[in-house]
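Undergrad: Here you go, protein_18.pdb (PDB, C-alpha atoms):
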ATOM      1  CA  MET E   1       0.000   0.000   0.000
ATOM      2  CA  ILE E   2       1.382   3.423  -0.900
ATOM      3  CA  GLU E   3       0.693   6.451   1.257
ATOM      4  CA  ARG E   4       0.638   9.670  -0.786
ATOM      5  CA  SER E   5       0.900  13.359   0.031
ATOM      6  CA  PRO E   6      -2.017  15.721  -0.750
ATOM      7  CA  ASP E   7      -0.387  16.561  -4.069
ATOM      8  CA  GLY E   8       0.019  12.833  -5.000
ATOM      9  CA  ASP E   9       3.674  12.215  -4.241
ATOM     10  CA  ALA E  10       4.552   8.858  -2.705
ATOM     11  CA  LEU E  11       5.500   9.264   0.937
ATOM     12  CA  ARG E  12       5.931   5.671   2.039
ATOM     13  CA  ALA E  13       5.009   2.141   1.099
ATOM     14  CA  ILE E  14       3.541  -0.350   3.515
ATOM     15  CA  GLY E  15       3.466  -4.035   2.708
ATOM     16  CA  VAL E  16       3.591  -7.512   4.087
ATOM     17  CA  HIS E  17       6.181 -10.091   3.190
ATOM     18  CA  ILE E  18       5.260 -13.725   3.681
ATOM     19  CA  ASP E  19       7.788 -16.452   2.993
ATOM     20  CA  ILE E  20       5.888 -19.080   1.006
ATOM     21  CA  GLN E  21       8.960 -21.270   0.422
ATOM     22  CA  PRO E  22       7.978 -23.751   3.188
ATOM     23  CA  ILE E  23       4.524 -24.100   1.597
ATOM     24  CA  LYS E  24       6.085 -24.707  -1.831
ATOM     25  CA  GLU E  25       8.427 -27.319  -0.354
ATOM     26  CA  MET E  26       5.538 -29.087   1.395
ATOM     27  CA  ALA E  27       3.500 -29.082  -1.833
ATOM     28  CA  SER E  28       6.487 -30.525  -3.688
ATOM     29  CA  ARG E  29       6.916 -33.315  -1.108
ATOM     30  CA  LEU E  30       3.203 -34.090  -1.269
ATOM     31  CA  GLU E  31       3.264 -34.257  -5.079
ATOM     32  CA  LEU E  32       6.313 -36.537  -4.970
ATOM     33  CA  SER E  33       4.683 -38.906  -2.486
ATOM     34  CA  VAL E  34       1.417 -38.995  -4.461
ATOM     35  CA  SER E  35       3.181 -39.693  -7.755
ATOM     36  CA  SER E  36       5.459 -42.347  -6.227
ATOM     37  CA  VAL E  37       2.491 -44.463  -5.095
ATOM     38  CA  ASN E  38       0.548 -43.836  -8.305
ATOM     39  CA  ALA E  39      -2.354 -42.382  -6.331
ATOM     40  CA  GLY E  40      -5.282 -40.819  -8.093
ATOM     41  CA  LEU E  41      -6.716 -38.183  -5.773
ATOM     42  CA  TRP E  42     -10.347 -37.053  -5.683
ATOM     43  CA  ASP E  43     -12.223 -34.366  -3.774
ATOM     44  CA  TRP E  44     -16.033 -34.599  -3.744
ATOM     45  CA  ASN E  45     -18.213 -31.552  -3.029
ATOM     46  CA  ILE E  46     -21.294 -33.556  -2.021
ATOM     47  CA  PRO E  47     -24.061 -30.901  -2.203
ATOM     48  CA  GLU E  48     -22.866 -29.640  -5.601
ATOM     49  CA  GLY E  49     -22.193 -33.142  -6.940
ATOM     50  CA  ILE E  50     -18.747 -32.111  -8.214
ATOM     51  CA  VAL E  51     -15.597 -34.259  -8.008
ATOM     52  CA  ILE E  52     -12.156 -32.720  -8.535
ATOM     53  CA  THR E  53      -9.399 -35.152  -9.538
ATOM     54  CA  ASN E  54      -5.656 -34.905 -10.103
ATOM     55  CA  ASP E  55      -3.807 -35.800 -13.315
ATOM     56  CA  GLN E  56      -2.595 -39.102 -11.856
ATOM     57  CA  PHE E  57      -6.189 -40.259 -11.349
ATOM     58  CA  HIS E  58      -6.761 -40.091 -15.094
ATOM     59  CA  ALA E  59      -3.282 -41.257 -16.127
ATOM     60  CA  MET E  60      -3.742 -44.573 -14.306
ATOM     61  CA  LEU E  61      -6.954 -45.119 -16.290
ATOM     62  CA  GLY E  62      -5.439 -44.178 -19.638
ATOM     63  CA  ASP E  63      -7.532 -41.017 -19.971
ATOM     64  CA  GLU E  64      -6.383 -38.117 -22.096
ATOM     65  CA  PHE E  65      -8.342 -35.818 -19.777
ATOM     66  CA  LYS E  66      -6.212 -34.239 -17.102
ATOM     67  CA  GLY E  67      -7.306 -33.558 -13.555
ATOM     68  CA  GLY E  68     -10.131 -31.150 -12.980
ATOM     69  CA  LYS E  69     -13.832 -30.944 -12.183
ATOM     70  CA  ARG E  70     -16.342 -33.615 -13.153
ATOM     71  CA  GLY E  71     -19.892 -34.348 -12.123
ATOM     72  CA  ILE E  72     -20.324 -37.178  -9.617
ATOM     73  CA  GLU E  73     -22.337 -39.057 -12.264
ATOM     74  CA  GLN E  74     -19.256 -39.220 -14.524
ATOM     75  CA  PHE E  75     -17.239 -40.481 -11.573
ATOM     76  CA  VAL E  76     -19.760 -43.170 -10.590
ATOM     77  CA  GLU E  77     -20.665 -44.400 -14.087
ATOM     78  CA  ARG E  78     -17.165 -45.865 -14.480
ATOM     79  CA  ILE E  79     -17.539 -48.161 -11.461
ATOM     80  CA  HIS E  80     -18.115 -51.790 -12.477
ATOM     81  CA  PRO E  81     -21.830 -52.663 -12.123
ATOM     82  CA  ASP E  82     -21.014 -55.567  -9.773
ATOM     83  CA  ASP E  83     -19.128 -53.205  -7.434
ATOM     84  CA  ILE E  84     -21.555 -50.275  -7.255
ATOM     85  CA  SER E  85     -23.463 -51.618  -4.236
ATOM     86  CA  VAL E  86     -20.218 -52.132  -2.279
ATOM     87  CA  VAL E  87     -19.114 -48.580  -3.106
ATOM     88  CA  ASN E  88     -22.502 -47.092  -2.196
ATOM     89  CA  GLU E  89     -22.431 -48.968   1.109
ATOM     90  CA  ALA E  90     -18.887 -47.726   1.848
ATOM     91  CA  PHE E  91     -19.837 -44.113   1.050
ATOM     92  CA  SER E  92     -23.023 -44.339   3.125
ATOM     93  CA  GLN E  93     -21.147 -45.859   6.054
ATOM     94  CA  ALA E  94     -18.474 -43.153   5.897
ATOM     95  CA  GLN E  95     -21.097 -40.395   5.764
ATOM     96  CA  SER E  96     -22.984 -41.706   8.787
ATOM     97  CA  ASP E  97     -20.067 -43.018  10.833
ATOM     98  CA  ASP E  98     -18.136 -41.150  13.499
ATOM     99  CA  CYS E  99     -14.801 -42.143  11.959
ATOM    100  CA  ALA E 100     -16.192 -41.094   8.558
ATOM    101  CA  SER E 101     -13.723 -43.092   6.444
ATOM    102  CA  PHE E 102     -13.798 -46.112   4.168
ATOM    103  CA  HIS E 103     -11.493 -48.579   2.402
ATOM    104  CA  THR E 104     -12.660 -50.790  -0.439
ATOM    105  CA  GLU E 105     -11.469 -52.433  -3.633
ATOM    106  CA  LEU E 106     -13.429 -51.941  -6.810
ATOM    107  CA  ARG E 107     -13.126 -52.179 -10.550
ATOM    108  CA  TYR E 108     -12.971 -48.863 -12.368
ATOM    109  CA  GLN E 109     -13.386 -48.506 -16.115
ATOM    110  CA  CYS E 110     -10.344 -47.452 -18.137
ATOM    111  CA  ALA E 111     -10.392 -45.304 -21.270
ATOM    112  CA  ASP E 112     -10.165 -48.426 -23.474
ATOM    113  CA  GLY E 113     -13.286 -49.939 -21.858
ATOM    114  CA  SER E 114     -11.444 -52.528 -19.766
ATOM    115  CA  TYR E 115     -11.677 -52.537 -15.971
ATOM    116  CA  LYS E 116      -8.840 -52.039 -13.526
ATOM    117  CA  TRP E 117      -8.840 -52.940  -9.832
ATOM    118  CA  VAL E 118      -8.205 -49.970  -7.548
ATOM    119  CA  HIS E 119      -7.991 -49.709  -3.788
ATOM    120  CA  SER E 120     -10.137 -46.742  -2.840
ATOM    121  CA  THR E 121      -9.860 -44.939   0.464
ATOM    122  CA  GLY E 122     -11.771 -41.876   1.480
ATOM    123  CA  ARG E 123     -12.648 -39.689   4.413
ATOM    124  CA  LEU E 124     -15.486 -37.319   5.130
ATOM    125  CA  ILE E 125     -13.730 -34.088   6.112
ATOM    126  CA  GLU E 126     -16.509 -31.540   6.347
ATOM    127  CA  ARG E 127     -20.102 -31.452   7.602
ATOM    128  CA  THR E 128     -22.767 -28.777   7.917
ATOM    129  CA  PRO E 129     -23.461 -27.486  11.434
ATOM    130  CA  ASP E 130     -26.429 -29.879  11.609
ATOM    131  CA  GLY E 131     -24.255 -32.867  10.600
ATOM    132  CA  HIS E 132     -24.991 -33.335   6.892
ATOM    133  CA  PRO E 133     -21.972 -34.367   4.784
ATOM    134  CA  LEU E 134     -20.376 -31.585   2.717
ATOM    135  CA  ARG E 135     -17.021 -32.813   1.478
ATOM    136  CA  MET E 136     -15.197 -36.104   1.096
ATOM    137  CA  ILE E 137     -11.637 -36.635  -0.142
ATOM    138  CA  GLY E 138      -9.862 -39.815  -1.118
ATOM    139  CA  GLN E 139      -7.527 -41.687  -3.372
ATOM    140  CA  HIS E 140      -7.492 -44.589  -5.792
ATOM    141  CA  ILE E 141      -4.363 -46.733  -5.906
ATOM    142  CA  ASP E 142      -3.823 -49.138  -8.808
ATOM    143  CA  VAL E 143      -3.825 -52.695  -7.396
ATOM    144  CA  ASP E 144      -4.786 -54.378 -10.677
ATOM    145  CA  VAL E 145      -1.640 -56.478 -11.148
ATOM    146  CA  SER E 146      -1.628 -57.828  -7.585
ATOM    147  CA  ARG E 147      -5.404 -58.417  -7.571
ATOM    148  CA  ARG E 148      -5.296 -60.325 -10.878
ATOM    149  CA  ALA E 149      -2.305 -62.354  -9.660
ATOM    150  CA  LYS E 150      -4.246 -63.225  -6.497
ATOM    151  CA  GLU E 151      -7.294 -64.251  -8.567
ATOM    152  CA  ASN E 152      -5.047 -66.349 -10.825
ATOM    153  CA  ILE E 153      -3.514 -68.117  -7.811
ATOM    154  CA  GLU E 154      -6.992 -68.772  -6.387
ATOM    155  CA  GLN E 155      -8.105 -70.245  -9.738
ATOM    156  CA  LEU E 156      -4.991 -72.428  -9.931
ATOM    157  CA  ASN E 157      -5.621 -73.619  -6.357
ATOM    158  CA  ARG E 158      -9.221 -74.543  -7.271
ATOM    159  CA  GLU E 159      -8.006 -76.439 -10.349
ATOM    160  CA  LEU E 160      -5.336 -78.199  -8.292
ATOM    161  CA  ALA E 161      -7.923 -79.207  -5.675
ATOM    162  CA  GLU E 162     -10.133 -80.634  -8.454
ATOM    163  CA  GLN E 163      -7.171 -82.560  -9.902
ATOM    164  CA  ILE E 164      -6.283 -83.929  -6.466
ATOM    165  CA  THR E 165      -9.882 -85.107  -6.024
ATOM    166  CA  VAL E 166      -9.798 -86.828  -9.427
ATOM    167  CA  ALA E 167      -6.387 -88.356  -8.631
ATOM    168  CA  LYS E 168      -7.722 -89.731  -5.321
ATOM    169  CA  GLU E 169     -10.747 -91.200  -7.107
ATOM    170  CA  LEU E 170      -8.483 -92.792  -9.744
ATOM    171  CA  ALA E 171      -6.172 -94.131  -7.028
ATOM    172  CA  ALA E 172      -9.166 -95.644  -5.208
ATOM    173  CA  SER E 173     -10.380 -97.221  -8.480
ATOM    174  CA  ALA E 174      -6.894 -98.585  -9.201
ATOM    175  CA  GLU E 175      -6.672 -99.982  -5.682
ATOM    176  CA  ALA E 176     -10.075-101.649  -6.079
ATOM    177  CA  ALA E 177      -9.000-103.062  -9.470
ATOM    178  CA  ASN E 178      -5.764-104.400  -7.947
ATOM    179  CA  ALA E 179      -7.726-106.011  -5.121
ATOM    180  CA  ALA E 180     -10.114-107.592  -7.644
ATOM    181  CA  LYS E 181      -7.171-108.821  -9.762
ATOM    182  CA  SER E 182      -5.463-110.273  -6.682
ATOM    183  CA  GLN E 183      -8.687-112.013  -5.672
ATOM    184  CA  PHE E 184      -9.124-113.379  -9.210
ATOM    185  CA  LEU E 185      -5.537-114.669  -9.336
ATOM    186  CA  ALA E 186      -5.910-116.215  -5.887
ATOM    187  CA  ASN E 187      -9.079-118.006  -7.022
ATOM    188  CA  MET E 188      -7.381-119.186 -10.246
ATOM    189  CA  SER E 189      -4.392-120.593  -8.379
ATOM    190  CA  HIS E 190      -6.652-122.735  -6.144
ATOM    191  CA  GLU E 191      -8.362-124.360  -9.106
TER     192      GLU E 191
END
Show me this structure written as structure tokens.
TA:
Amino acid sequence: MIERSPDGDALRAIGVHIDIQPIKEMASRLELSVSSVNAGLWDWNIPEGIVITNDQFHAMLGDEFKGGKRGIEQFVERIHPDDISVVNEAFSQAQSDDCASFHTELRYQCADGSYKWVHSTGRLIERTPDGHPLRMIGQHIDVDVSRRAKENIEQLNRELAEQITVAKELAASAEAANAAKSQFLANMSHE
């Protein structure tokens, strides 16, 4: 602010200097940690139905769109139909719960139409004075490779269990056939 004389000459300047370097450093550390875990961040303004996402959120899904505002409908329509009830339950629980957070795994649609497993965590961070939810923030972390590997191992274990059952049945049949052969040979040797 500049203080001037009656004839308009500058007499003195008054200002405030705030060192924002610590804030910049903190923002840089946060960005580094978010990018290192491949976390897609989201921020949901519940009454307005607007979700703000970061670039990483879209990059993990193969989107050309960069972070920004989207309607909640666009956010929700990409959830796999079989997972929508689990997600709705998690959101409802977080909005009514004292701890106001959730953790769930769900399939989210990629730009190419395929689905990717993500681990979603979120927290309700703001309520109206009468307790209605206002704002929820969270992250999606890509767990697709580990989830598919786990499903593959489970499938292989099921197939192995089936093969073991068949092998036991064949072994029992072979044992019964050997017993019958032994009985037949014993009867033949007595004749």
Undergrad: Can you tell me which residues surround Ile2 of chain E at a distance of at most 8 Å, considering all atoms listed in the file, apart from same-chain residues fewer than 3 positions away, and format the answer as a ChimeraX atom specification?
TA: /E:10-14
Undergrad: Print the selection's residues with C-alpha atoms to a file, as a compact mmCIF listing (two decimals), in the coordinates of the input.
TA:
# COMPACT_ATOMS: atom_id res chain seq x y z
CA ALA E 10 4.55 8.86 -2.70
CA LEU E 11 5.50 9.26 0.94
CA ARG E 12 5.93 5.67 2.04
CA ALA E 13 5.01 2.14 1.10
CA ILE E 14 3.54 -0.35 3.52
Undergrad: Which one of E:Ala27, E:Val87, E:Met60, E:Ala171 sits closest to His103 of chain E if you count only C-alpha atoms?
TA: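 Nearest to His103 of chain E: E:Val87.
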Undergrad: With the file shown as input, list the residues that the PyMOL selection byres ((chain E and resi 145-157) around 10) selects, as a ChimeraX atom specification.
TA: /E:105,116-119,142-144,158-163
Undergrad: With all atoms listed in the file as the basis for distance, which of E:Ala100, E:Ile18, E:Ile125, E:Cys110 is at the shortest distance from Asp63 of chain E?
TA: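 Of all the options, E:Cys110 lies closest to Asp63 of chain E.
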Undergrad: Just to confirm, what's the straight-line distance from atom CA of Pro133 of chain E to atom CA of Phe65 of chain E in Å (one decimal)?
TA: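 Taking atom CA of Pro133 of chain E as the start and atom CA of Phe65 of chain E as the end point, the length is 28.1 Å.
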Undergrad: Could you tell me which residues the PyMOL selection byres ((chain E and resi 68) around 12) grabs in this file, written as a list in words?
TA: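 Listing what the PyMOL selection byres ((chain E and resi 68) around 12) selects in the shown file: Gly40, Leu41, Trp42, Asp43, Trp44, Ile50, Val51, Ile52, Thr53, Asn54, Asp55, Gln56, Phe57, His58, Phe65, Lys66, Gly67, Lys69, Arg70, Gly71 and Phe75 of chain E.
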Undergrad: Identify which of the residues E:Gln74, E:Gln183, E:Pro129, E:Ala39 lies closest to Ala59 of chain E, counting all atoms listed in the file when measuring atom-to-atom distances.
TA: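 For Ala59 of chain E, the nearest of the given residues is E:Ala39.
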Undergrad: Which polymer residues, whether protein, DNA or RNA, lie within 12 Å of the coordinate (-18.2, -48.9, -12.1) when you count all atoms listed in the file? List them as number ranges by chain, using the chain letters and numbers from the file.
TA: E: 73-88, 105-110, 113-118
Undergrad: Please measure the separation of atom CA of Asn45 of chain E and atom CA of Thr104 of chain E, giving the value in Å to one decimal.
TA: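 Going from atom CA of Asn45 of chain E over to atom CA of Thr104 of chain E covers 20.2 Å.
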Undergrad: Using Å and a single decimal, report how far atom CA of Ala94 of chain E sits from atom CA of Ala111 of chain E.
TA: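 Taking atom CA of Ala111 of chain E as the start and atom CA of Ala94 of chain E as the end point, the length is 28.4 Å.
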Undergrad: If the box runs along x, y and z of the file and leaves 8 Å on each side of segment 123-127 of chain E, what are its centre and edge lengths in Å, one decimal, as lines of an AutoDock Vina configuration file?
TA:
center_x = -16.4
center_y = -35.6
center_z = 6.0
size_x = 23.5
size_y = 24.2
size_z = 19.2
Undergrad: With only C-alpha atoms as the atoms that count, which of E:Ser101, E:Ser28, E:Gln139, E:Gln95 lies nearest to Arg127 of chain E?
TA: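 Of all the options, E:Gln95 lies closest to Arg127 of chain E.
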